[in-house]
Every structure is written in structure tokens, then in C-alpha cells.
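Structure file protein07.pdb with PDB, C-alpha atoms:
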ATOM      1  CA  MET A1141      -8.585 -10.163 -15.163
ATOM      2  CA  GLU A1142     -10.260  -8.118 -17.899
ATOM      3  CA  LYS A1143     -12.993  -5.715 -16.777
ATOM      4  CA  THR A1144     -15.896  -4.213 -18.720
ATOM      5  CA  ILE A1145     -16.125  -0.439 -18.310
ATOM      6  CA  MET A1146     -19.007   1.756 -19.503
ATOM      7  CA  ASP A1147     -18.619   5.492 -19.986
ATOM      8  CA  VAL A1148     -21.465   7.975 -19.792
ATOM      9  CA  SER A1149     -22.254  11.657 -20.188
ATOM     10  CA  ARG A1150     -25.285  13.887 -20.612
ATOM     11  CA  HIS A1151     -25.916  12.137 -23.933
ATOM     12  CA  GLN A1152     -27.250   9.099 -22.060
ATOM     13  CA  GLY A1153     -29.847  11.206 -20.243
ATOM     14  CA  THR A1154     -31.178  10.050 -16.871
ATOM     15  CA  ILE A1155     -29.870   6.548 -16.205
ATOM     16  CA  ASP A1156     -31.558   3.937 -14.035
ATOM     17  CA  TRP A1157     -28.406   2.914 -12.202
ATOM     18  CA  ALA A1158     -30.098   0.169 -10.196
ATOM     19  CA  LYS A1159     -30.926  -1.587 -13.483
ATOM     20  CA  VAL A1160     -27.366  -1.066 -14.712
ATOM     21  CA  LYS A1161     -25.961  -2.740 -11.618
ATOM     22  CA  ALA A1162     -28.511  -5.555 -11.666
ATOM     23  CA  SER A1163     -27.668  -6.332 -15.297
ATOM     24  CA  GLY A1164     -24.198  -7.515 -14.353
ATOM     25  CA  LYS A1165     -22.937  -6.178 -17.676
ATOM     26  CA  VAL A1166     -20.473  -3.603 -16.334
ATOM     27  CA  ASP A1167     -17.685  -3.768 -13.776
ATOM     28  CA  GLY A1168     -17.238  -0.012 -13.536
ATOM     29  CA  VAL A1169     -18.113   3.341 -15.068
ATOM     30  CA  MET A1170     -16.178   6.325 -16.374
ATOM     31  CA  ILE A1171     -18.327   9.432 -15.915
ATOM     32  CA  ARG A1172     -17.829  12.635 -17.867
ATOM     33  CA  ALA A1173     -17.411  15.463 -15.405
ATOM     34  CA  MET A1174     -16.238  18.245 -17.705
ATOM     35  CA  GLY A1175     -17.398  18.876 -21.240
ATOM     36  CA  ASN A1176     -16.136  21.612 -23.525
ATOM     37  CA  SER A1177     -17.106  23.707 -26.537
ATOM     38  CA  ALA A1178     -17.654  22.094 -29.916
ATOM     39  CA  ASP A1179     -14.721  21.067 -32.123
ATOM     40  CA  GLY A1180     -12.714  23.918 -33.559
ATOM     41  CA  LEU A1181     -14.067  26.573 -31.164
ATOM     42  CA  PRO A1182     -12.154  28.237 -28.315
ATOM     43  CA  SER A1183     -12.144  26.422 -25.007
ATOM     44  CA  LYS A1184     -15.235  26.869 -22.881
ATOM     45  CA  PRO A1185     -15.413  24.117 -20.253
ATOM     46  CA  TYR A1186     -18.699  23.272 -18.579
ATOM     47  CA  THR A1187     -19.972  20.821 -15.998
ATOM     48  CA  ASP A1188     -21.680  17.826 -17.556
ATOM     49  CA  PRO A1189     -25.340  18.189 -16.471
ATOM     50  CA  GLN A1190     -25.548  14.521 -15.438
ATOM     51  CA  PHE A1191     -22.213  14.369 -13.603
ATOM     52  CA  ALA A1192     -23.422  14.961 -10.053
ATOM     53  CA  ARG A1193     -26.309  12.519 -10.350
ATOM     54  CA  ASN A1194     -24.276   9.835 -12.104
ATOM     55  CA  TYR A1195     -21.549  10.081  -9.486
ATOM     56  CA  ALA A1196     -23.996  10.036  -6.567
ATOM     57  CA  GLU A1197     -25.841   7.013  -7.936
ATOM     58  CA  CYS A1198     -22.651   5.041  -8.531
ATOM     59  CA  LYS A1199     -21.579   5.781  -4.969
ATOM     60  CA  ARG A1200     -24.983   4.867  -3.556
ATOM     61  CA  LEU A1201     -25.012   1.541  -5.359
ATOM     62  CA  GLY A1202     -21.347   0.681  -4.936
ATOM     63  CA  ILE A1203     -20.476   0.801  -8.631
ATOM     64  CA  PRO A1204     -16.752   1.588  -9.098
ATOM     65  CA  CYS A1205     -16.369   4.848 -10.974
ATOM     66  CA  GLY A1206     -13.802   7.154 -12.469
ATOM     67  CA  VAL A1207     -14.156  10.388 -14.404
ATOM     68  CA  TYR A1208     -12.936  12.155 -17.496
ATOM     69  CA  GLY A1209     -12.739  15.726 -18.684
ATOM     70  CA  TYR A1210     -12.593  17.009 -22.262
ATOM     71  CA  VAL A1211      -9.631  19.366 -22.489
ATOM     72  CA  LYS A1212      -8.972  21.779 -25.362
ATOM     73  CA  ALA A1213      -5.928  23.630 -24.060
ATOM     74  CA  VAL A1214      -3.238  24.634 -26.552
ATOM     75  CA  ASN A1215      -0.797  26.111 -24.001
ATOM     76  CA  ARG A1216      -0.014  25.827 -20.302
ATOM     77  CA  GLU A1217      -2.018  28.910 -19.348
ATOM     78  CA  GLN A1218      -5.166  27.419 -20.882
ATOM     79  CA  ALA A1219      -4.334  24.024 -19.404
ATOM     80  CA  ASP A1220      -4.059  25.493 -15.917
ATOM     81  CA  LYS A1221      -7.451  27.183 -16.266
ATOM     82  CA  GLU A1222      -9.212  24.091 -17.600
ATOM     83  CA  LEU A1223      -7.633  21.789 -15.039
ATOM     84  CA  ALA A1224      -8.519  24.177 -12.209
ATOM     85  CA  TYR A1225     -12.139  23.950 -13.365
ATOM     86  CA  PHE A1226     -11.876  20.154 -13.587
ATOM     87  CA  LYS A1227     -10.304  19.849 -10.153
ATOM     88  CA  LYS A1228     -13.009  21.995  -8.582
ATOM     89  CA  LEU A1229     -15.619  19.521  -9.848
ATOM     90  CA  LEU A1230     -13.720  16.588  -8.347
ATOM     91  CA  THR A1231     -12.631  18.072  -5.030
ATOM     92  CA  GLY A1232     -14.155  16.286  -2.065
ATOM     93  CA  ARG A1233     -15.078  13.280  -4.177
ATOM     94  CA  SER A1234     -13.286   9.960  -4.473
ATOM     95  CA  PHE A1235     -12.838   7.594  -7.385
ATOM     96  CA  GLU A1236     -12.177   3.879  -7.586
ATOM     97  CA  LEU A1237     -11.138   4.149 -11.250
ATOM     98  CA  PRO A1238      -8.789   6.559 -13.079
ATOM     99  CA  VAL A1239      -9.225  10.258 -13.758
ATOM    100  CA  ALA A1240      -8.792  10.688 -17.515
ATOM    101  CA  VAL A1241      -7.803  13.702 -19.596
ATOM    102  CA  ASP A1242      -9.505  13.567 -23.012
ATOM    103  CA  ILE A1243      -7.221  14.915 -25.759
ATOM    104  CA  GLU A1244      -8.638  14.810 -29.292
ATOM    105  CA  ASP A1245      -9.736  18.286 -30.399
ATOM    106  CA  GLU A1246      -9.316  20.053 -33.729
ATOM    107  CA  VAL A1247      -7.748  23.124 -32.111
ATOM    108  CA  GLN A1248      -4.861  21.011 -30.789
ATOM    109  CA  LYS A1249      -3.813  19.544 -34.142
ATOM    110  CA  PRO A1250      -1.771  22.573 -35.350
ATOM    111  CA  LEU A1251       0.504  22.462 -32.295
ATOM    112  CA  GLY A1252       2.627  19.691 -33.739
ATOM    113  CA  LYS A1253       3.505  16.380 -32.137
ATOM    114  CA  ALA A1254       6.255  17.578 -29.810
ATOM    115  CA  ALA A1255       4.366  20.537 -28.371
ATOM    116  CA  LEU A1256       1.090  18.663 -27.896
ATOM    117  CA  THR A1257       2.882  15.689 -26.356
ATOM    118  CA  ASN A1258       4.684  17.932 -23.876
ATOM    119  CA  LEU A1259       1.472  19.767 -23.033
ATOM    120  CA  THR A1260      -0.407  16.491 -22.563
ATOM    121  CA  ALA A1261       2.295  15.144 -20.250
ATOM    122  CA  TYR A1262       2.126  18.391 -18.254
ATOM    123  CA  MET A1263      -1.645  18.023 -17.851
ATOM    124  CA  LEU A1264      -1.392  14.375 -16.825
ATOM    125  CA  SER A1265       1.292  15.144 -14.247
ATOM    126  CA  THR A1266      -0.914  17.915 -12.856
ATOM    127  CA  VAL A1267      -3.875  15.539 -12.524
ATOM    128  CA  GLU A1268      -1.627  12.930 -10.930
ATOM    129  CA  SER A1269      -0.570  15.487  -8.321
ATOM    130  CA  TRP A1270      -4.176  15.601  -7.078
ATOM    131  CA  GLY A1271      -3.747  12.132  -5.590
ATOM    132  CA  VAL A1272      -5.538  10.188  -8.298
ATOM    133  CA  TYR A1273      -4.603   7.695 -11.031
ATOM    134  CA  ALA A1274      -4.132   9.868 -14.121
ATOM    135  CA  MET A1275      -4.963   8.458 -17.553
ATOM    136  CA  LEU A1276      -4.895   9.753 -21.126
ATOM    137  CA  TYR A1277      -7.946   9.233 -23.345
ATOM    138  CA  THR A1278      -7.513   9.654 -27.080
ATOM    139  CA  GLY A1279      -8.467   8.052 -30.367
ATOM    140  CA  LEU A1280      -6.215   5.671 -32.274
ATOM    141  CA  TRP A1281      -5.905   7.972 -35.284
ATOM    142  CA  PHE A1282      -5.524  11.157 -33.247
ATOM    143  CA  GLY A1283      -2.939   9.669 -30.907
ATOM    144  CA  SER A1284      -0.925   8.101 -33.717
ATOM    145  CA  THR A1285      -1.007  11.275 -35.797
ATOM    146  CA  PHE A1286      -0.665  14.104 -33.286
ATOM    147  CA  LEU A1287       1.085  12.625 -30.211
ATOM    148  CA  TYR A1288       4.282  10.714 -29.557
ATOM    149  CA  MET A1289       2.374   7.911 -27.893
ATOM    150  CA  GLY A1290       5.382   5.650 -27.420
ATOM    151  CA  GLY A1291       7.681   8.400 -26.199
ATOM    152  CA  ALA A1292       9.219   8.957 -22.789
ATOM    153  CA  GLU A1293       6.923  11.892 -21.933
ATOM    154  CA  LEU A1294       3.731   9.803 -21.958
ATOM    155  CA  LYS A1295       5.238   6.498 -20.856
ATOM    156  CA  PRO A1296       4.387   7.003 -17.146
ATOM    157  CA  TYR A1297       0.654   7.225 -17.899
ATOM    158  CA  ASP A1298      -1.884   4.618 -18.906
ATOM    159  CA  VAL A1299      -3.821   5.152 -22.118
ATOM    160  CA  TRP A1300      -7.548   4.687 -22.679
ATOM    161  CA  LEU A1301      -7.681   4.143 -26.419
ATOM    162  CA  ALA A1302     -10.755   4.693 -28.592
ATOM    163  CA  ALA A1303     -10.914   2.486 -31.697
ATOM    164  CA  TYR A1304     -14.288   1.098 -32.745
ATOM    165  CA  ARG A1305     -13.648  -2.318 -34.213
ATOM    166  CA  THR A1306     -13.984  -6.020 -33.427
ATOM    167  CA  ARG A1307     -10.284  -6.836 -33.122
ATOM    168  CA  LYS A1308      -7.976  -5.331 -30.520
ATOM    169  CA  PRO A1309      -5.718  -2.652 -32.058
ATOM    170  CA  ALA A1310      -1.958  -3.150 -32.197
ATOM    171  CA  PRO A1311      -0.575   0.381 -32.546
ATOM    172  CA  GLY A1312       2.910  -0.462 -31.306
ATOM    173  CA  TRP A1313       2.515   1.201 -27.910
ATOM    174  CA  PRO A1314       0.747  -0.008 -24.767
ATOM    175  CA  PHE A1315      -2.731   0.930 -23.609
ATOM    176  CA  GLY A1316      -4.618  -0.056 -20.484
ATOM    177  CA  MET A1317      -8.201   0.321 -21.718
ATOM    178  CA  TRP A1318      -9.727  -0.089 -25.162
ATOM    179  CA  GLN A1319     -12.988   1.678 -25.960
ATOM    180  CA  TYR A1320     -14.175  -0.708 -28.648
ATOM    181  CA  THR A1321     -17.756   0.383 -29.347
ATOM    182  CA  ARG A1322     -20.110   3.332 -29.052
ATOM    183  CA  ALA A1323     -23.192   1.182 -29.763
ATOM    184  CA  ALA A1324     -23.487  -1.073 -26.700
ATOM    185  CA  ARG A1325     -26.836  -1.532 -24.998
ATOM    186  CA  VAL A1326     -27.149  -1.835 -21.231
ATOM    187  CA  PRO A1327     -30.361  -2.210 -19.196
ATOM    188  CA  GLY A1328     -31.165   1.080 -17.475
ATOM    189  CA  VAL A1329     -29.652   3.199 -20.257
ATOM    190  CA  SER A1330     -32.102   4.391 -22.920
ATOM    191  CA  THR A1331     -29.452   5.158 -25.560
ATOM    192  CA  ASN A1332     -26.440   3.466 -27.068
ATOM    193  CA  VAL A1333     -23.432   3.687 -24.800
ATOM    194  CA  ASP A1334     -19.644   3.418 -25.128
ATOM    195  CA  MET A1335     -18.008   0.299 -23.731
ATOM    196  CA  SER A1336     -14.369  -0.506 -23.009
ATOM    197  CA  HIS A1337     -12.195  -3.445 -22.070
ATOM    198  CA  ALA A1338      -9.869  -2.688 -19.133
ATOM    199  CA  TYR A1339      -6.786  -4.880 -19.052
ATOM    200  CA  LYS A1340      -5.855  -3.966 -15.487
ATOM    201  CA  ASP A1341      -7.853  -4.166 -12.270
ATOM    202  CA  TYR A1342      -7.732  -0.418 -11.751
ATOM    203  CA  ALA A1343      -9.926  -0.489  -8.656
ATOM    204  CA  ALA A1344      -7.508  -2.870  -6.925
ATOM    205  CA  ILE A1345      -4.432  -0.925  -8.068
ATOM    206  CA  ILE A1346      -5.877   2.405  -6.913
ATOM    207  CA  LYS A1347      -6.978   0.971  -3.564
ATOM    208  CA  ARG A1348      -3.560  -0.568  -2.885
ATOM    209  CA  ALA A1349      -1.819   2.708  -3.749
ATOM    210  CA  GLY A1350      -4.127   4.782  -1.552
ATOM    211  CA  LEU A1351      -5.164   6.959  -4.492
ATOM    212  CA  GLY A1352      -8.542   8.258  -5.637
ATOM    213  CA  ALA A1353      -9.516  10.958  -3.142
ATOM    214  CA  VAL A1354      -9.289  14.458  -4.596
ATOM    215  CA  LYS A1355      -8.403  16.951  -1.891
ATOM    216  CA  GLY A1356      -8.850  20.693  -1.992
ATOM    217  CA  VAL A1357      -6.020  23.212  -2.134
TER     218      VAL A1357
END

Encoded form using C-alpha cells:
Amino acid sequence: MEKTIMDVSRHQGTIDWAKVKASGKVDGVMIRAMGNSADGLPSKPYTDPQFARNYAECKRLGIPCGVYGYVKAVNREQADKELAYFKKLLTGRSFELPVAVDIEDEVQKPLGKAALTNLTAYMLSTVESWGVYAMLYTGLWFGSTFLYMGGAELKPYDVWLAAYRTRKPAPGWPFGMWQYTRAARVPGVSTNVDMSHAYKDYAAIIKRAGLGAVKGV
């Protein structure tokens, strides 16, 4: 059964989560936990200022949630540092929806398809090792141009695909969620918000598999 998933960050400001839940418009939320420096600049991860509140409110109200982190790594050393930061934010928390790695930055384009694909697979396997459901987030153009999306390296991981249009994309490789708009309106949110179709019941899958709780080292 298809689910409607909203994703939020500091750009949505302070959300009235009770109104969001009462609206019945969303089945779950992907919350940005880790942001990063602007496009083209060296990696400088930071904690999204609304992460803690958004997470706490979703938990309080029983809204299924997952998280994502914007990653700019161009080698394994940088990846390890960024993912250590990301994991620290998530440790001790639990998630009913996937934990997504957002790959779409200018600094990653020069790596070439093979190198960036291998690095992305390494990051996803690292996130998976935390005991969560790892997912790749990327745009249709970026993924098609700079990653081997249909290759063996990324095949084990679900894709959350960004492509703002009215018809479902058909890129030739599978994806589990489609972020179809950045201009949705939801009661309780004062700004436009991104919305996605999820083609799997991730909450049920994660619960059955006993995943979702991020444990410390």
C-alpha cells in the first residue's frame, strides 16, 4: 500500500506537529538530522537546528519517522568522519522509517561514476551496520549522470528518488520512494514542504526485521 511521506528540515521552521498529525495528510516523516556546507564548498557537517524538536514531537505524537543526512565526502576518510558525526546524532534514538544518505553535491561530481558509486555503497553499508534500514537519496539527473544506479554495488539498497513532476519517473532502475514535489502544503507547516510516495510499507518492514534502533559503540 502506497504511503505519503513528508520530509522536513530547518527550512520549515517550527512545525505544529499536532496539526500535521490531525490533517491526516502524511503517513510518516523523514527528518533532516545532518546538514552540510553549501554546494561546492568543503565538507562541514552540522546538526539541523530543528532535528531534536522534530524528532521528539514525532515520537510524542506517534508519527513514524526516519532521518537523512547530507553527505559531501569524496573519499573514505571524509566519509568516516561525516558518518561518525551522523551516527552520534542518531545514537540512542530509534526510527520507524529508513535512515537515508543524501548524495547530490557538486564536489562529488569529479570523482567519476565508478569511484562515487563505490564510495556511496561503502557509506550505505556503514549506515546499515548501525542496525537501521539504509537508503540512498539522490536526484534523478544526479543519480543517472554520476552513479551506476542499476549496478551491483547499489542493488542491495533502496533508493529515495527526487524528481519533481506529475508522472512517475521510469529511469530503468528501481526506487522505493519518489519525492515528487517541493511545493506541498500541510496544515501545521508554514512553508512549502517536500512530499514523497513510498511504494513499500517501510514501518512494517523495519518492525518485522527488528531494525531502527541506533546503538552506541

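Look at Gly1209 of chain A: the protein and nucleic acid residues within 7 Å of it, using all atoms listed in the file and passing over chain neighbours fewer than 3 places away, are Arg1172, Ala1173, Met1174, Gly1175, Phe1226, Ala1240, Val1241 and Asp1242 of chain A.
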
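If you measure from each of A:Ser1330, A:Ser1269, A:Ser1336, A:Asn1194 to Glu1142 of chain A using all atoms listed in the file, the closest one turns out to be A:Ser1336.
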
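The residue that comes closest to Arg1193 of chain A, out of A:Arg1150, A:Lys1228, A:Lys1253, A:His1337 and on the basis of only C-alpha atoms, is A:Arg1150.
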
So which residues get picked by the PyMOL selection byres ((chain A and resi 1305-1312) around 9) here, written as a short mmCIF file (atom, residue, chain, number, x, y, z; two decimals) with C-alpha atoms, in the frame of the given file?
data_model
loop_
_atom_site.label_atom_id
_atom_site.label_comp_id
_atom_site.auth_asym_id
_atom_site.auth_seq_id
_atom_site.Cartn_x
_atom_site.Cartn_y
_atom_site.Cartn_z
CA LEU A 1280 -6.22 5.67 -32.27
CA SER A 1284 -0.92 8.10 -33.72
CA GLY A 1290 5.38 5.65 -27.42
CA ALA A 1303 -10.91 2.49 -31.70
CA TYR A 1304 -14.29 1.10 -32.74
CA TRP A 1313 2.52 1.20 -27.91
CA PRO A 1314 0.75 -0.01 -24.77
CA TRP A 1318 -9.73 -0.09 -25.16
CA TYR A 1320 -14.18 -0.71 -28.65
CA THR A 1321 -17.76 0.38 -29.35
#

Fill in: Target residues per the PyMOL selection byres ((chain A and resi 1190-1192) around 12), formatted as JSON, numbers by chain
{"A": [1147, 1148, 1149, 1150, 1151, 1152, 1153, 1154, 1155, 1169, 1170, 1171, 1172, 1173, 1174, 1175, 1186, 1187, 1188, 1189, 1193, 1194, 1195, 1196, 1197, 1198, 1199, 1205, 1206, 1207, 1208, 1209, 1226, 1229, 1230, 1233]}

Discussion item. Expand the PyMOL selection byres ((chain A and resi 1263-1266) around 9) into the explicit residue set it covers here, and present it as a VMD selection string.
Written reply: chain A and resid 1216 1219 to 1220 1223 1240 to 1241 1258 to 1262 1267 to 1270 1274 to 1276 1294 1297

Worksheet item: Quick one: of A:Gly1352, A:Pro1185, A:Gly1202, A:Pro1238, who's nearest to Tyr1225 of chain A, counting only C-alpha atoms?
Response: A:Pro1185

Response to the item:
Using only C-alpha atoms, the best pick from A:Val1211, A:Ser1234, A:Tyr1288, A:Gly1164 as closest to Ala1343 of chain A would be A:Ser1234

Fill in: Counting only C-alpha atoms, the option among A:Val1166, A:Ala1349, A:Val1299, A:Val1329 closest to Met1317 of chain A
A:Val1299

Fill in: Atom pair atom CA of Tyr1339 of chain A / atom CA of Gly1316 of chain A: separation (Å)
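So the two atoms, atom CA of Tyr1339 of chain A and atom CA of Gly1316 of chain A, lie 5.5 Å apart.
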
Response to the item:
Min atom-atom distance to Ala1254 of chain A from the set A:Met1289, A:Val1160, A:Ile1345, A:Met1146, counting all atoms listed in the file, belongs to A:Met1289

Discussion item. I'd like the neighbourhood of Glu1222 of chain A as a PyMOL selection string, where a residue qualifies if any of its atoms comes within 9 Å (using all atoms listed in the file), though same-chain residues fewer than 4 positions away should be ignored.
Written reply: chain A and resi 1183-1185+1211-1213+1217-1218+1226-1227

Report as lines of an AutoDock Vina configuration file the centre and the edge lengths, in Å to one decimal, of the axis-aligned box holding every listed atom of segment 1330-1334 of chain A, padded by 3 Å on each side.
center_x = -25.9
center_y = 4.3
center_z = -25.0
size_x = 18.5
size_y = 7.7
size_z = 10.1

Discussion item. Can you measure atom CA of Ala1158 of chain A to atom CA of Glu1236 of chain A for me? One decimal in Å is fine.
Written reply: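 That distance, rounded to one decimal, is 18.5 Å.
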
Discussion item. Would you compute the distance between atom CA of Asn1176 of chain A and atom CA of Thr1278 of chain A? Give it in Å to one decimal.
Written reply: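 So the answer is 15.2 Å.
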
Place N, CA, C and O atoms on segment 1249-1273 of chain A and deliver the coordinates as a CSV table (one decimal), keeping the file's coordinate frame.
chain,number,residue,atom,x,y,z
A,1249,LYS,N,-4.6,20.2,-33.0
A,1249,LYS,CA,-3.8,19.5,-34.1
A,1249,LYS,C,-2.7,20.4,-34.6
A,1249,LYS,O,-1.6,19.9,-34.9
A,1250,PRO,N,-2.9,21.8,-34.8
A,1250,PRO,CA,-1.8,22.6,-35.4
A,1250,PRO,C,-0.5,22.7,-34.4
A,1250,PRO,O,0.5,23.2,-34.9
A,1251,LEU,N,-0.6,22.3,-33.2
A,1251,LEU,CA,0.5,22.5,-32.3
A,1251,LEU,C,1.7,21.7,-32.7
A,1251,LEU,O,2.9,22.1,-32.4
A,1252,GLY,N,1.5,20.6,-33.4
A,1252,GLY,CA,2.6,19.7,-33.7
A,1252,GLY,C,2.8,18.6,-32.7
A,1252,GLY,O,2.4,18.8,-31.5
A,1253,LYS,N,3.4,17.5,-33.0
A,1253,LYS,CA,3.5,16.4,-32.1
A,1253,LYS,C,4.3,16.7,-30.9
A,1253,LYS,O,3.8,16.3,-29.8
A,1254,ALA,N,5.4,17.3,-31.0
A,1254,ALA,CA,6.3,17.6,-29.8
A,1254,ALA,C,5.6,18.5,-28.8
A,1254,ALA,O,5.5,18.2,-27.6
A,1255,ALA,N,5.0,19.6,-29.3
A,1255,ALA,CA,4.4,20.5,-28.4
A,1255,ALA,C,3.1,19.9,-27.7
A,1255,ALA,O,2.9,20.1,-26.5
A,1256,LEU,N,2.3,19.2,-28.5
A,1256,LEU,CA,1.1,18.7,-27.9
A,1256,LEU,C,1.4,17.5,-26.9
A,1256,LEU,O,0.8,17.4,-25.9
A,1257,THR,N,2.5,16.8,-27.3
A,1257,THR,CA,2.9,15.7,-26.4
A,1257,THR,C,3.4,16.3,-25.0
A,1257,THR,O,3.0,15.8,-24.0
A,1258,ASN,N,4.2,17.3,-25.1
A,1258,ASN,CA,4.7,17.9,-23.9
A,1258,ASN,C,3.6,18.5,-23.1
A,1258,ASN,O,3.5,18.4,-21.8
A,1259,LEU,N,2.6,19.2,-23.7
A,1259,LEU,CA,1.5,19.8,-23.0
A,1259,LEU,C,0.6,18.7,-22.4
A,1259,LEU,O,0.1,18.8,-21.2
A,1260,THR,N,0.4,17.6,-23.1
A,1260,THR,CA,-0.4,16.5,-22.6
A,1260,THR,C,0.3,15.9,-21.3
A,1260,THR,O,-0.4,15.6,-20.3
A,1261,ALA,N,1.6,15.7,-21.4
A,1261,ALA,CA,2.3,15.1,-20.2
A,1261,ALA,C,2.2,16.1,-19.1
A,1261,ALA,O,2.1,15.6,-17.9
A,1262,TYR,N,2.3,17.4,-19.3
A,1262,TYR,CA,2.1,18.4,-18.3
A,1262,TYR,C,0.8,18.3,-17.6
A,1262,TYR,O,0.6,18.3,-16.4
A,1263,MET,N,-0.3,18.1,-18.4
A,1263,MET,CA,-1.6,18.0,-17.9
A,1263,MET,C,-1.8,16.7,-17.0
A,1263,MET,O,-2.4,16.7,-16.0
A,1264,LEU,N,-1.3,15.6,-17.5
A,1264,LEU,CA,-1.4,14.4,-16.8
A,1264,LEU,C,-0.6,14.4,-15.5
A,1264,LEU,O,-1.1,13.9,-14.5
A,1265,SER,N,0.5,15.0,-15.5
A,1265,SER,CA,1.3,15.1,-14.2
A,1265,SER,C,0.6,16.0,-13.2
A,1265,SER,O,0.6,15.8,-12.0
A,1266,THR,N,-0.1,17.1,-13.7
A,1266,THR,CA,-0.9,17.9,-12.9
A,1266,THR,C,-2.1,17.1,-12.2
A,1266,THR,O,-2.3,17.2,-11.0
A,1267,VAL,N,-2.8,16.4,-13.0
A,1267,VAL,CA,-3.9,15.5,-12.5
A,1267,VAL,C,-3.3,14.5,-11.5
A,1267,VAL,O,-3.9,14.3,-10.5
A,1268,GLU,N,-2.2,13.9,-11.8
A,1268,GLU,CA,-1.6,12.9,-10.9
A,1268,GLU,C,-1.3,13.5,-9.6
A,1268,GLU,O,-1.4,12.9,-8.5
A,1269,SER,N,-0.9,14.8,-9.6
A,1269,SER,CA,-0.6,15.5,-8.3
A,1269,SER,C,-1.8,15.7,-7.4
A,1269,SER,O,-1.6,16.0,-6.2
A,1270,TRP,N,-3.0,15.5,-7.9
A,1270,TRP,CA,-4.2,15.6,-7.1
A,1270,TRP,C,-4.4,14.4,-6.2
A,1270,TRP,O,-5.3,14.4,-5.4
A,1271,GLY,N,-3.6,13.3,-6.4
A,1271,GLY,CA,-3.7,12.1,-5.6
A,1271,GLY,C,-4.6,11.1,-6.2
A,1271,GLY,O,-5.2,10.2,-5.5
A,1272,VAL,N,-4.7,11.1,-7.6
A,1272,VAL,CA,-5.5,10.2,-8.3
A,1272,VAL,C,-4.7,9.5,-9.3
A,1272,VAL,O,-3.5,9.8,-9.5
A,1273,TYR,N,-5.3,8.5,-10.0
A,1273,TYR,CA,-4.6,7.7,-11.0
A,1273,TYR,C,-4.9,8.4,-12.4
A,1273,TYR,O,-6.0,8.2,-12.9
